[in-house]
file protein37.tsv (TSV, N, CA and C atoms and all ligand atoms)
chain	number	residue	atom	x	y	z
A	1	MET	N	43.20	120.21	99.83
A	1	MET	CA	43.15	118.82	99.39
A	1	MET	C	41.83	118.56	98.68
A	2	ILE	N	41.92	117.74	97.64
A	2	ILE	CA	40.71	117.40	96.88
A	2	ILE	C	40.37	115.95	97.21
A	3	ILE	N	39.16	115.69	97.63
A	3	ILE	CA	38.71	114.32	97.86
A	3	ILE	C	37.39	114.14	97.14
A	4	ARG	N	37.32	113.09	96.33
A	4	ARG	CA	36.18	112.95	95.45
A	4	ARG	C	36.02	111.47	95.17
A	5	ASN	N	34.79	110.98	95.04
A	5	ASN	CA	34.56	109.58	94.67
A	5	ASN	C	33.89	109.53	93.31
A	6	ILE	N	34.31	108.57	92.51
A	6	ILE	CA	33.78	108.48	91.14
A	6	ILE	C	32.26	108.34	91.12
A	7	ASN	N	31.71	107.74	92.16
A	7	ASN	CA	30.25	107.54	92.19
A	7	ASN	C	29.49	108.87	92.16
A	8	SER	N	30.13	109.94	92.63
A	8	SER	CA	29.45	111.23	92.65
A	8	SER	C	29.57	111.94	91.30
A	9	LEU	N	30.33	111.36	90.35
A	9	LEU	CA	30.57	112.03	89.06
A	9	LEU	C	29.74	111.44	87.93
A	10	HIS	N	29.24	110.21	88.11
A	10	HIS	CA	28.45	109.59	87.05
A	10	HIS	C	27.23	110.45	86.76
A	11	GLY	N	26.96	110.65	85.48
A	11	GLY	CA	25.78	111.43	85.10
A	11	GLY	C	25.98	112.93	85.19
A	12	THR	N	27.19	113.37	85.53
A	12	THR	CA	27.46	114.82	85.56
A	12	THR	C	28.25	115.18	84.31
A	13	GLU	N	28.61	116.47	84.19
A	13	GLU	CA	29.37	116.88	83.00
A	13	GLU	C	30.79	116.33	83.00
A	14	ARG	N	31.23	115.73	84.14
A	14	ARG	CA	32.55	115.10	84.17
A	14	ARG	C	32.53	113.69	83.58
A	15	GLN	N	31.37	113.21	83.18
A	15	GLN	CA	31.31	111.93	82.48
A	15	GLN	C	31.03	112.20	81.01
A	16	VAL	N	31.94	111.77	80.13
A	16	VAL	CA	31.80	111.99	78.69
A	16	VAL	C	31.72	110.63	78.01
A	17	ASP	N	30.65	110.43	77.25
A	17	ASP	CA	30.43	109.13	76.60
A	17	ASP	C	30.61	109.25	75.10
A	18	SER	N	31.23	108.25	74.49
A	18	SER	CA	31.23	108.14	73.03
A	18	SER	C	30.68	106.76	72.70
A	19	ASN	N	30.60	106.44	71.42
A	19	ASN	CA	30.10	105.11	71.05
A	19	ASN	C	30.96	104.01	71.65
A	20	ASN	N	32.29	104.24	71.69
A	20	ASN	CA	33.22	103.15	72.05
A	20	ASN	C	33.67	103.19	73.51
A	21	TRP	N	33.50	104.32	74.18
A	21	TRP	CA	34.02	104.43	75.55
A	21	TRP	C	33.24	105.42	76.38
A	22	SER	N	33.45	105.31	77.68
A	22	SER	CA	32.87	106.27	78.61
A	22	SER	C	34.00	106.72	79.54
A	23	SER	N	34.22	108.02	79.62
A	23	SER	CA	35.33	108.57	80.39
A	23	SER	C	34.80	109.41	81.54
A	24	THR	N	35.19	109.06	82.75
A	24	THR	CA	34.80	109.86	83.92
A	24	THR	C	36.04	110.60	84.40
A	25	ARG	N	35.96	111.91	84.43
A	25	ARG	CA	37.13	112.77	84.62
A	25	ARG	C	37.20	113.23	86.07
A	26	LEU	N	38.04	112.52	86.82
A	26	LEU	CA	38.11	112.76	88.28
A	26	LEU	C	38.86	114.04	88.62
A	27	LEU	N	39.89	114.34	87.82
A	27	LEU	CA	40.64	115.59	88.00
A	27	LEU	C	40.76	116.28	86.65
A	28	LEU	N	40.50	117.57	86.62
A	28	LEU	CA	40.57	118.35	85.39
A	28	LEU	C	41.46	119.57	85.60
A	29	LYS	N	41.63	120.32	84.53
A	29	LYS	CA	42.54	121.48	84.57
A	29	LYS	C	42.26	122.40	85.77
A	30	ASP	N	40.98	122.64	86.02
A	30	ASP	CA	40.67	123.61	87.09
A	30	ASP	C	40.92	123.04	88.49
A	31	ASP	N	41.36	121.79	88.57
A	31	ASP	CA	41.81	121.26	89.86
A	31	ASP	C	43.29	121.61	90.11
A	32	ASN	N	43.95	122.17	89.06
A	32	ASN	CA	45.31	122.73	89.22
A	32	ASN	C	46.36	121.71	89.64
A	33	MET	N	46.28	120.48	89.10
A	33	MET	CA	47.30	119.48	89.39
A	33	MET	C	48.33	119.37	88.26
A	34	GLY	N	48.07	120.05	87.14
A	34	GLY	CA	49.02	119.98	86.02
A	34	GLY	C	48.76	118.81	85.09
A	35	PHE	N	47.80	117.97	85.44
A	35	PHE	CA	47.41	116.84	84.58
A	35	PHE	C	45.93	116.61	84.82
A	36	SER	N	45.29	115.84	83.93
A	36	SER	CA	43.94	115.37	84.25
A	36	SER	C	43.98	113.85	84.41
A	37	PHE	N	43.04	113.34	85.19
A	37	PHE	CA	43.05	111.94	85.64
A	37	PHE	C	41.64	111.40	85.40
A	38	HIS	N	41.56	110.36	84.57
A	38	HIS	CA	40.26	109.85	84.17
A	38	HIS	C	40.19	108.34	84.40
A	39	GLN	N	38.98	107.84	84.60
A	39	GLN	CA	38.74	106.41	84.46
A	39	GLN	C	37.93	106.21	83.19
A	40	THR	N	38.47	105.40	82.28
A	40	THR	CA	37.79	105.16	81.01
A	40	THR	C	37.36	103.71	80.92
A	41	ILE	N	36.10	103.50	80.62
A	41	ILE	CA	35.61	102.16	80.30
A	41	ILE	C	35.57	102.07	78.78
A	42	VAL	N	36.29	101.09	78.23
A	42	VAL	CA	36.26	100.87	76.77
A	42	VAL	C	35.34	99.67	76.53
A	43	HIS	N	34.36	99.88	75.67
A	43	HIS	CA	33.33	98.86	75.48
A	43	HIS	C	33.87	97.67	74.68
A	44	PRO	N	33.44	96.45	75.06
A	44	PRO	CA	33.96	95.24	74.42
A	44	PRO	C	33.63	95.20	72.93
A	45	GLY	N	34.60	94.70	72.15
A	45	GLY	CA	34.38	94.52	70.71
A	45	GLY	C	34.59	95.78	69.89
A	46	THR	N	35.05	96.85	70.54
A	46	THR	CA	35.22	98.12	69.81
A	46	THR	C	36.66	98.29	69.34
A	47	GLU	N	36.79	99.08	68.26
A	47	GLU	CA	38.11	99.54	67.79
A	47	GLU	C	38.03	101.06	67.68
A	48	THR	N	38.98	101.75	68.31
A	48	THR	CA	38.97	103.22	68.32
A	48	THR	C	40.29	103.72	67.75
A	49	LYS	N	40.18	104.60	66.75
A	49	LYS	CA	41.35	105.23	66.15
A	49	LYS	C	41.63	106.51	66.93
A	50	ILE	N	42.85	106.65	67.44
A	50	ILE	CA	43.16	107.77	68.34
A	50	ILE	C	44.47	108.44	67.94
A	51	TRP	N	44.48	109.75	68.03
A	51	TRP	CA	45.73	110.52	67.81
A	51	TRP	C	45.68	111.76	68.69
A	52	TYR	N	46.38	111.70	69.82
A	52	TYR	CA	46.41	112.85	70.72
A	52	TYR	C	47.55	113.78	70.31
A	53	LYS	N	47.33	114.50	69.21
A	53	LYS	CA	48.43	115.33	68.71
A	53	LYS	C	48.70	116.52	69.61
A	54	ASN	N	47.74	116.89	70.46
A	54	ASN	CA	47.92	118.03	71.36
A	54	ASN	C	48.22	117.65	72.79
A	55	HIS	N	48.21	116.36	73.09
A	55	HIS	CA	48.34	115.91	74.48
A	55	HIS	C	49.28	114.72	74.56
A	56	LEU	N	49.85	114.52	75.74
A	56	LEU	CA	50.49	113.25	76.10
A	56	LEU	C	49.49	112.49	76.96
A	57	GLU	N	49.41	111.16	76.75
A	57	GLU	CA	48.50	110.36	77.56
A	57	GLU	C	49.22	109.11	78.03
A	58	ALA	N	49.05	108.77	79.29
A	58	ALA	CA	49.47	107.46	79.83
A	58	ALA	C	48.20	106.71	80.21
A	59	VAL	N	48.18	105.43	79.91
A	59	VAL	CA	46.98	104.62	80.12
A	59	VAL	C	47.38	103.34	80.86
A	60	TYR	N	46.75	103.11	82.00
A	60	TYR	CA	47.06	101.93	82.83
A	60	TYR	C	45.81	101.07	82.92
A	61	CYS	N	45.95	99.82	82.49
A	61	CYS	CA	44.81	98.89	82.47
A	61	CYS	C	44.65	98.23	83.84
A	62	ILE	N	43.43	98.32	84.39
A	62	ILE	CA	43.18	97.65	85.67
A	62	ILE	C	42.15	96.53	85.53
A	63	GLU	N	41.51	96.43	84.36
A	63	GLU	CA	40.51	95.36	84.17
A	63	GLU	C	40.31	95.13	82.67
A	64	GLY	N	40.15	93.86	82.27
A	64	GLY	CA	39.82	93.54	80.89
A	64	GLY	C	41.05	93.31	80.03
A	65	THR	N	40.80	92.92	78.77
A	65	THR	CA	41.91	92.65	77.85
A	65	THR	C	41.63	93.30	76.50
A	66	GLY	N	42.73	93.62	75.80
A	66	GLY	CA	42.61	94.21	74.48
A	66	GLY	C	43.98	94.32	73.85
A	67	GLU	N	44.07	95.16	72.84
A	67	GLU	CA	45.38	95.39	72.21
A	67	GLU	C	45.45	96.80	71.68
A	68	ILE	N	46.71	97.27	71.55
A	68	ILE	CA	46.97	98.55	70.91
A	68	ILE	C	47.79	98.26	69.67
A	69	GLU	N	47.42	98.92	68.56
A	69	GLU	CA	48.16	98.75	67.31
A	69	GLU	C	48.80	100.08	66.95
A	70	GLU	N	50.12	100.05	66.74
A	70	GLU	CA	50.85	101.25	66.36
A	70	GLU	C	50.65	101.52	64.87
A	71	GLU	N	51.11	102.71	64.45
A	71	GLU	CA	50.93	103.10	63.06
A	71	GLU	C	51.63	102.15	62.09
A	72	ASP	N	52.77	101.55	62.54
A	72	ASP	CA	53.50	100.63	61.66
A	72	ASP	C	52.94	99.21	61.69
A	73	GLY	N	51.84	99.01	62.40
A	73	GLY	CA	51.20	97.70	62.43
A	73	GLY	C	51.58	96.85	63.64
A	74	ALA	N	52.55	97.29	64.43
A	74	ALA	CA	52.95	96.51	65.62
A	74	ALA	C	51.80	96.49	66.62
A	75	LYS	N	51.52	95.28	67.15
A	75	LYS	CA	50.42	95.12	68.09
A	75	LYS	C	50.95	94.70	69.45
A	76	HIS	N	50.32	95.18	70.49
A	76	HIS	CA	50.73	94.87	71.86
A	76	HIS	C	49.50	94.50	72.68
A	77	ASN	N	49.60	93.38	73.39
A	77	ASN	CA	48.48	92.97	74.25
A	77	ASN	C	48.38	93.91	75.45
A	78	ILE	N	47.15	94.15	75.86
A	78	ILE	CA	46.89	94.96	77.05
A	78	ILE	C	46.05	94.13	78.01
A	79	PHE	N	46.49	94.06	79.24
A	79	PHE	CA	45.76	93.32	80.27
A	79	PHE	C	46.11	93.97	81.61
A	80	PRO	N	45.42	93.61	82.69
A	80	PRO	CA	45.64	94.32	83.94
A	80	PRO	C	47.12	94.37	84.33
A	81	GLY	N	47.57	95.56	84.65
A	81	GLY	CA	48.98	95.77	84.99
A	81	GLY	C	49.78	96.39	83.85
A	82	THR	N	49.20	96.45	82.63
A	82	THR	CA	49.91	97.05	81.49
A	82	THR	C	49.67	98.55	81.45
A	83	ILE	N	50.77	99.30	81.25
A	83	ILE	CA	50.65	100.74	81.00
A	83	ILE	C	51.20	101.01	79.61
A	84	TYR	N	50.55	101.93	78.89
A	84	TYR	CA	51.19	102.46	77.68
A	84	TYR	C	51.17	103.98	77.77
A	85	ALA	N	52.27	104.56	77.27
A	85	ALA	CA	52.44	106.01	77.35
A	85	ALA	C	52.70	106.52	75.94
A	86	LEU	N	51.87	107.42	75.49
A	86	LEU	CA	51.96	107.95	74.12
A	86	LEU	C	52.90	109.14	74.14
A	87	ASP	N	54.18	108.83	74.35
A	87	ASP	CA	55.18	109.89	74.56
A	87	ASP	C	55.56	110.61	73.28
A	88	LYS	N	55.17	110.03	72.14
A	88	LYS	CA	55.47	110.68	70.85
A	88	LYS	C	54.18	111.04	70.13
A	89	HIS	N	53.13	111.28	70.91
A	89	HIS	CA	51.82	111.61	70.31
A	89	HIS	C	51.44	110.55	69.28
A	90	ASP	N	51.75	109.30	69.62
A	90	ASP	CA	51.64	108.20	68.66
A	90	ASP	C	50.19	107.98	68.18
A	91	LYS	N	50.02	107.94	66.88
A	91	LYS	CA	48.74	107.50	66.34
A	91	LYS	C	48.58	106.02	66.62
A	92	HIS	N	47.38	105.60	66.98
A	92	HIS	CA	47.19	104.18	67.30
A	92	HIS	C	45.73	103.78	67.18
A	93	LYS	N	45.53	102.46	67.21
A	93	LYS	CA	44.17	101.91	67.30
A	93	LYS	C	44.09	101.12	68.58
A	94	LEU	N	42.98	101.29	69.29
A	94	LEU	CA	42.77	100.57	70.55
A	94	LEU	C	41.60	99.61	70.36
A	95	ARG	N	41.84	98.34	70.61
A	95	ARG	CA	40.78	97.33	70.48
A	95	ARG	C	40.52	96.71	71.85
A	96	ALA	N	39.26	96.59	72.18
A	96	ALA	CA	38.88	95.96	73.45
A	96	ALA	C	38.30	94.58	73.15
A	97	PHE	N	38.91	93.55	73.72
A	97	PHE	CA	38.38	92.19	73.54
A	97	PHE	C	37.30	91.92	74.59
A	98	SER	N	37.42	92.58	75.73
A	98	SER	CA	36.38	92.51	76.77
A	98	SER	C	36.25	93.93	77.31
A	99	LYS	N	35.33	94.13	78.23
A	99	LYS	CA	35.20	95.46	78.85
A	99	LYS	C	36.51	95.81	79.53
A	100	MET	N	37.09	96.93	79.14
A	100	MET	CA	38.37	97.34	79.72
A	100	MET	C	38.16	98.55	80.63
A	101	LYS	N	38.80	98.49	81.79
A	101	LYS	CA	38.79	99.64	82.70
A	101	LYS	C	40.21	100.20	82.74
A	102	MET	N	40.34	101.46	82.35
A	102	MET	CA	41.65	102.07	82.21
A	102	MET	C	41.73	103.36	83.04
A	103	ILE	N	42.91	103.59	83.60
A	103	ILE	CA	43.18	104.87	84.26
A	103	ILE	C	44.02	105.69	83.28
A	104	CYS	N	43.56	106.88	82.95
A	104	CYS	CA	44.18	107.70	81.90
A	104	CYS	C	44.60	109.05	82.47
A	105	ILE	N	45.86	109.40	82.20
A	105	ILE	CA	46.40	110.69	82.66
A	105	ILE	C	46.74	111.53	81.43
A	106	PHE	N	46.30	112.76	81.41
A	106	PHE	CA	46.57	113.65	80.28
A	106	PHE	C	47.40	114.85	80.71
A	107	ASN	N	48.38	115.17	79.88
A	107	ASN	CA	49.20	116.37	80.03
A	107	ASN	C	49.29	117.04	78.66
A	108	PRO	N	48.88	118.29	78.46
A	108	PRO	CA	48.24	119.14	79.45
A	108	PRO	C	46.87	118.57	79.85
A	109	PRO	N	46.37	119.01	81.00
A	109	PRO	CA	45.10	118.48	81.47
A	109	PRO	C	43.93	118.87	80.56
A	110	LEU	N	42.94	117.99	80.49
A	110	LEU	CA	41.73	118.36	79.77
A	110	LEU	C	40.92	119.34	80.62
A	111	LEU	N	40.15	120.17	79.91
A	111	LEU	CA	39.27	121.09	80.62
A	111	LEU	C	37.99	120.41	81.07
A	112	GLY	N	37.56	119.37	80.31
A	112	GLY	CA	36.36	118.65	80.72
A	112	GLY	C	35.54	118.06	79.60
A	113	PRO	N	35.12	118.87	78.62
A	113	PRO	CA	34.14	118.34	77.66
A	113	PRO	C	34.76	117.67	76.44
A	114	GLU	N	36.10	117.58	76.35
A	114	GLU	CA	36.73	117.11	75.11
A	114	GLU	C	36.27	115.72	74.72
A	115	THR	N	36.02	115.57	73.42
A	115	THR	CA	35.78	114.24	72.87
A	115	THR	C	36.44	114.17	71.51
A	116	HIS	N	36.60	112.96	70.97
A	116	HIS	CA	37.38	112.76	69.74
A	116	HIS	C	36.71	113.41	68.53
A	117	ASP	N	37.52	114.03	67.65
A	117	ASP	CA	37.00	114.43	66.35
A	117	ASP	C	37.17	113.24	65.39
A	118	SER	N	36.96	113.48	64.10
A	118	SER	CA	36.96	112.36	63.15
A	118	SER	C	38.33	111.69	63.02
A	119	GLN	N	39.40	112.40	63.45
A	119	GLN	CA	40.74	111.81	63.40
A	119	GLN	C	41.15	111.19	64.73
A	120	GLY	N	40.25	111.22	65.72
A	120	GLY	CA	40.61	110.72	67.04
A	120	GLY	C	41.43	111.71	67.83
A	121	VAL	N	41.30	112.99	67.49
A	121	VAL	CA	42.08	114.06	68.13
A	121	VAL	C	41.22	114.78	69.16
A	122	TYR	N	41.82	115.20	70.28
A	122	TYR	CA	41.16	116.15	71.18
A	122	TYR	C	41.69	117.54	70.86
A	123	PRO	N	40.83	118.54	70.77
A	123	PRO	CA	41.32	119.90	70.56
A	123	PRO	C	42.08	120.36	71.80
A	124	LEU	N	42.97	121.32	71.61
A	124	LEU	CA	43.66	121.92	72.75
A	124	LEU	C	42.81	123.09	73.22
A	125	LEU	N	41.99	122.86	74.22
A	125	LEU	CA	41.11	123.92	74.72
A	125	LEU	C	41.88	124.76	75.72
A	126	MET	N	41.77	126.06	75.61
A	126	MET	CA	42.52	126.95	76.49
A	126	MET	C	41.64	127.53	77.59
A	127	GLU	N	40.38	127.67	77.32
A	127	GLU	CA	39.49	128.20	78.34
A	127	GLU	C	38.09	127.68	78.10
A	128	LYS	N	37.26	127.75	79.13
A	128	LYS	CA	35.91	127.25	78.99
A	128	LYS	C	35.06	128.26	78.26
A	201	LIG	C1	42.14	104.84	76.20
A	201	LIG	C2	41.61	106.09	75.59
A	201	LIG	O1	42.34	106.96	75.24
A	201	LIG	N1	40.28	106.16	75.47
A	201	LIG	C3	39.61	107.35	75.04
A	201	LIG	C4	39.10	108.20	76.18
A	201	LIG	C5	40.19	108.93	76.92
A	201	LIG	N2	41.03	108.05	77.65
A	201	LIG	C6	39.56	109.90	77.90
A	201	LIG	O2	39.11	110.95	77.47
A	201	LIG	O3	39.53	109.60	79.10
call {"tool": "encode", "arguments": {"input": "protein37.tsv", "output": "structure tokens"}}
result
Amino acid sequence: MIIRNINSLHGTERQVDSNNWSSTRLLLKDDNMGFSFHQTIVHPGTETKIWYKNHLEAVYCIEGTGEIEEEDGAKHNIFPGTIYALDKHDKHKLRAFSKMKMICIFNPPLLGPETHDSQGVYPLLMEK
């Protein structure tokens, strides 16, 4: 059994920061769960262009408000209790109107250090 508290992960290599967000990775590939599990803080007033072409991601909002915009321009409000699942590797833009706290699940699991490239893509890392 794995038992871990997020407070022990801040400031370690399991916390990855970008200009727009900070992701703390509670479960990673080497935990052997078949997915990775992150808490992501999205900073208020930011817009992030994202395309997980190598991964599926589900995102559950537990704090804050924002919106997701699909490639065709459709916009959806996000607030606590909303989940979105990028089941078609959907390109999207994520806007945070306030500080958003999100629970993010990735399949396949991230190895740990992944961060967005210029297209908002995470590489498919196979080994450390
Ligand atoms: C919501 C979202 O995708 N934000 C980017 C960070 C990502 N969730 C991660 O690596 O945890």
call {"tool": "closest_residue", "arguments": {"input": "protein37.tsv", "among": "A:Tyr84, A:Trp21, A:Phe79, A:Phe97", "to": "A:Glu63", "atoms": "all atoms listed in the file"}}
result
A:Phe79
call {"tool": "select_by_dssp", "arguments": {"input": "protein37.tsv", "residues": "chain A", "states": "helix (DSSP H, G or I)", "output": "MDAnalysis selection string"}}
result
chainID A and resid 6:8 29:31
call {"tool": "closest_residue", "arguments": {"input": "protein37.tsv", "among": "A:Asn5, A:Asn107, A:Gln15, A:Thr40", "to": "ligand LIG 201 (chain A)", "atoms": "only C-alpha atoms and all ligand atoms"}}
result
A:Thr40
call {"tool": "axis_aligned_box", "arguments": {"input": "protein37.tsv", "around": "ligand LIG 201 (chain A)", "padding_each_side": "3 Å", "output": "JSON"}}
result
{"center_x": 40.7, "center_y": 107.9, "center_z": 77.1, "size_x": 9.2, "size_y": 12.1, "size_z": 10.1}
call {"tool": "select_by_dssp", "arguments": {"input": "protein37.tsv", "residues": "stretch 8-113 of chain A", "states": "strand (DSSP E)", "output": "ChimeraX atom specification"}}
result
/A:15-17,21-27,36-42,47-50,56-63,66-70,75-78,83-85,92-96,100-107
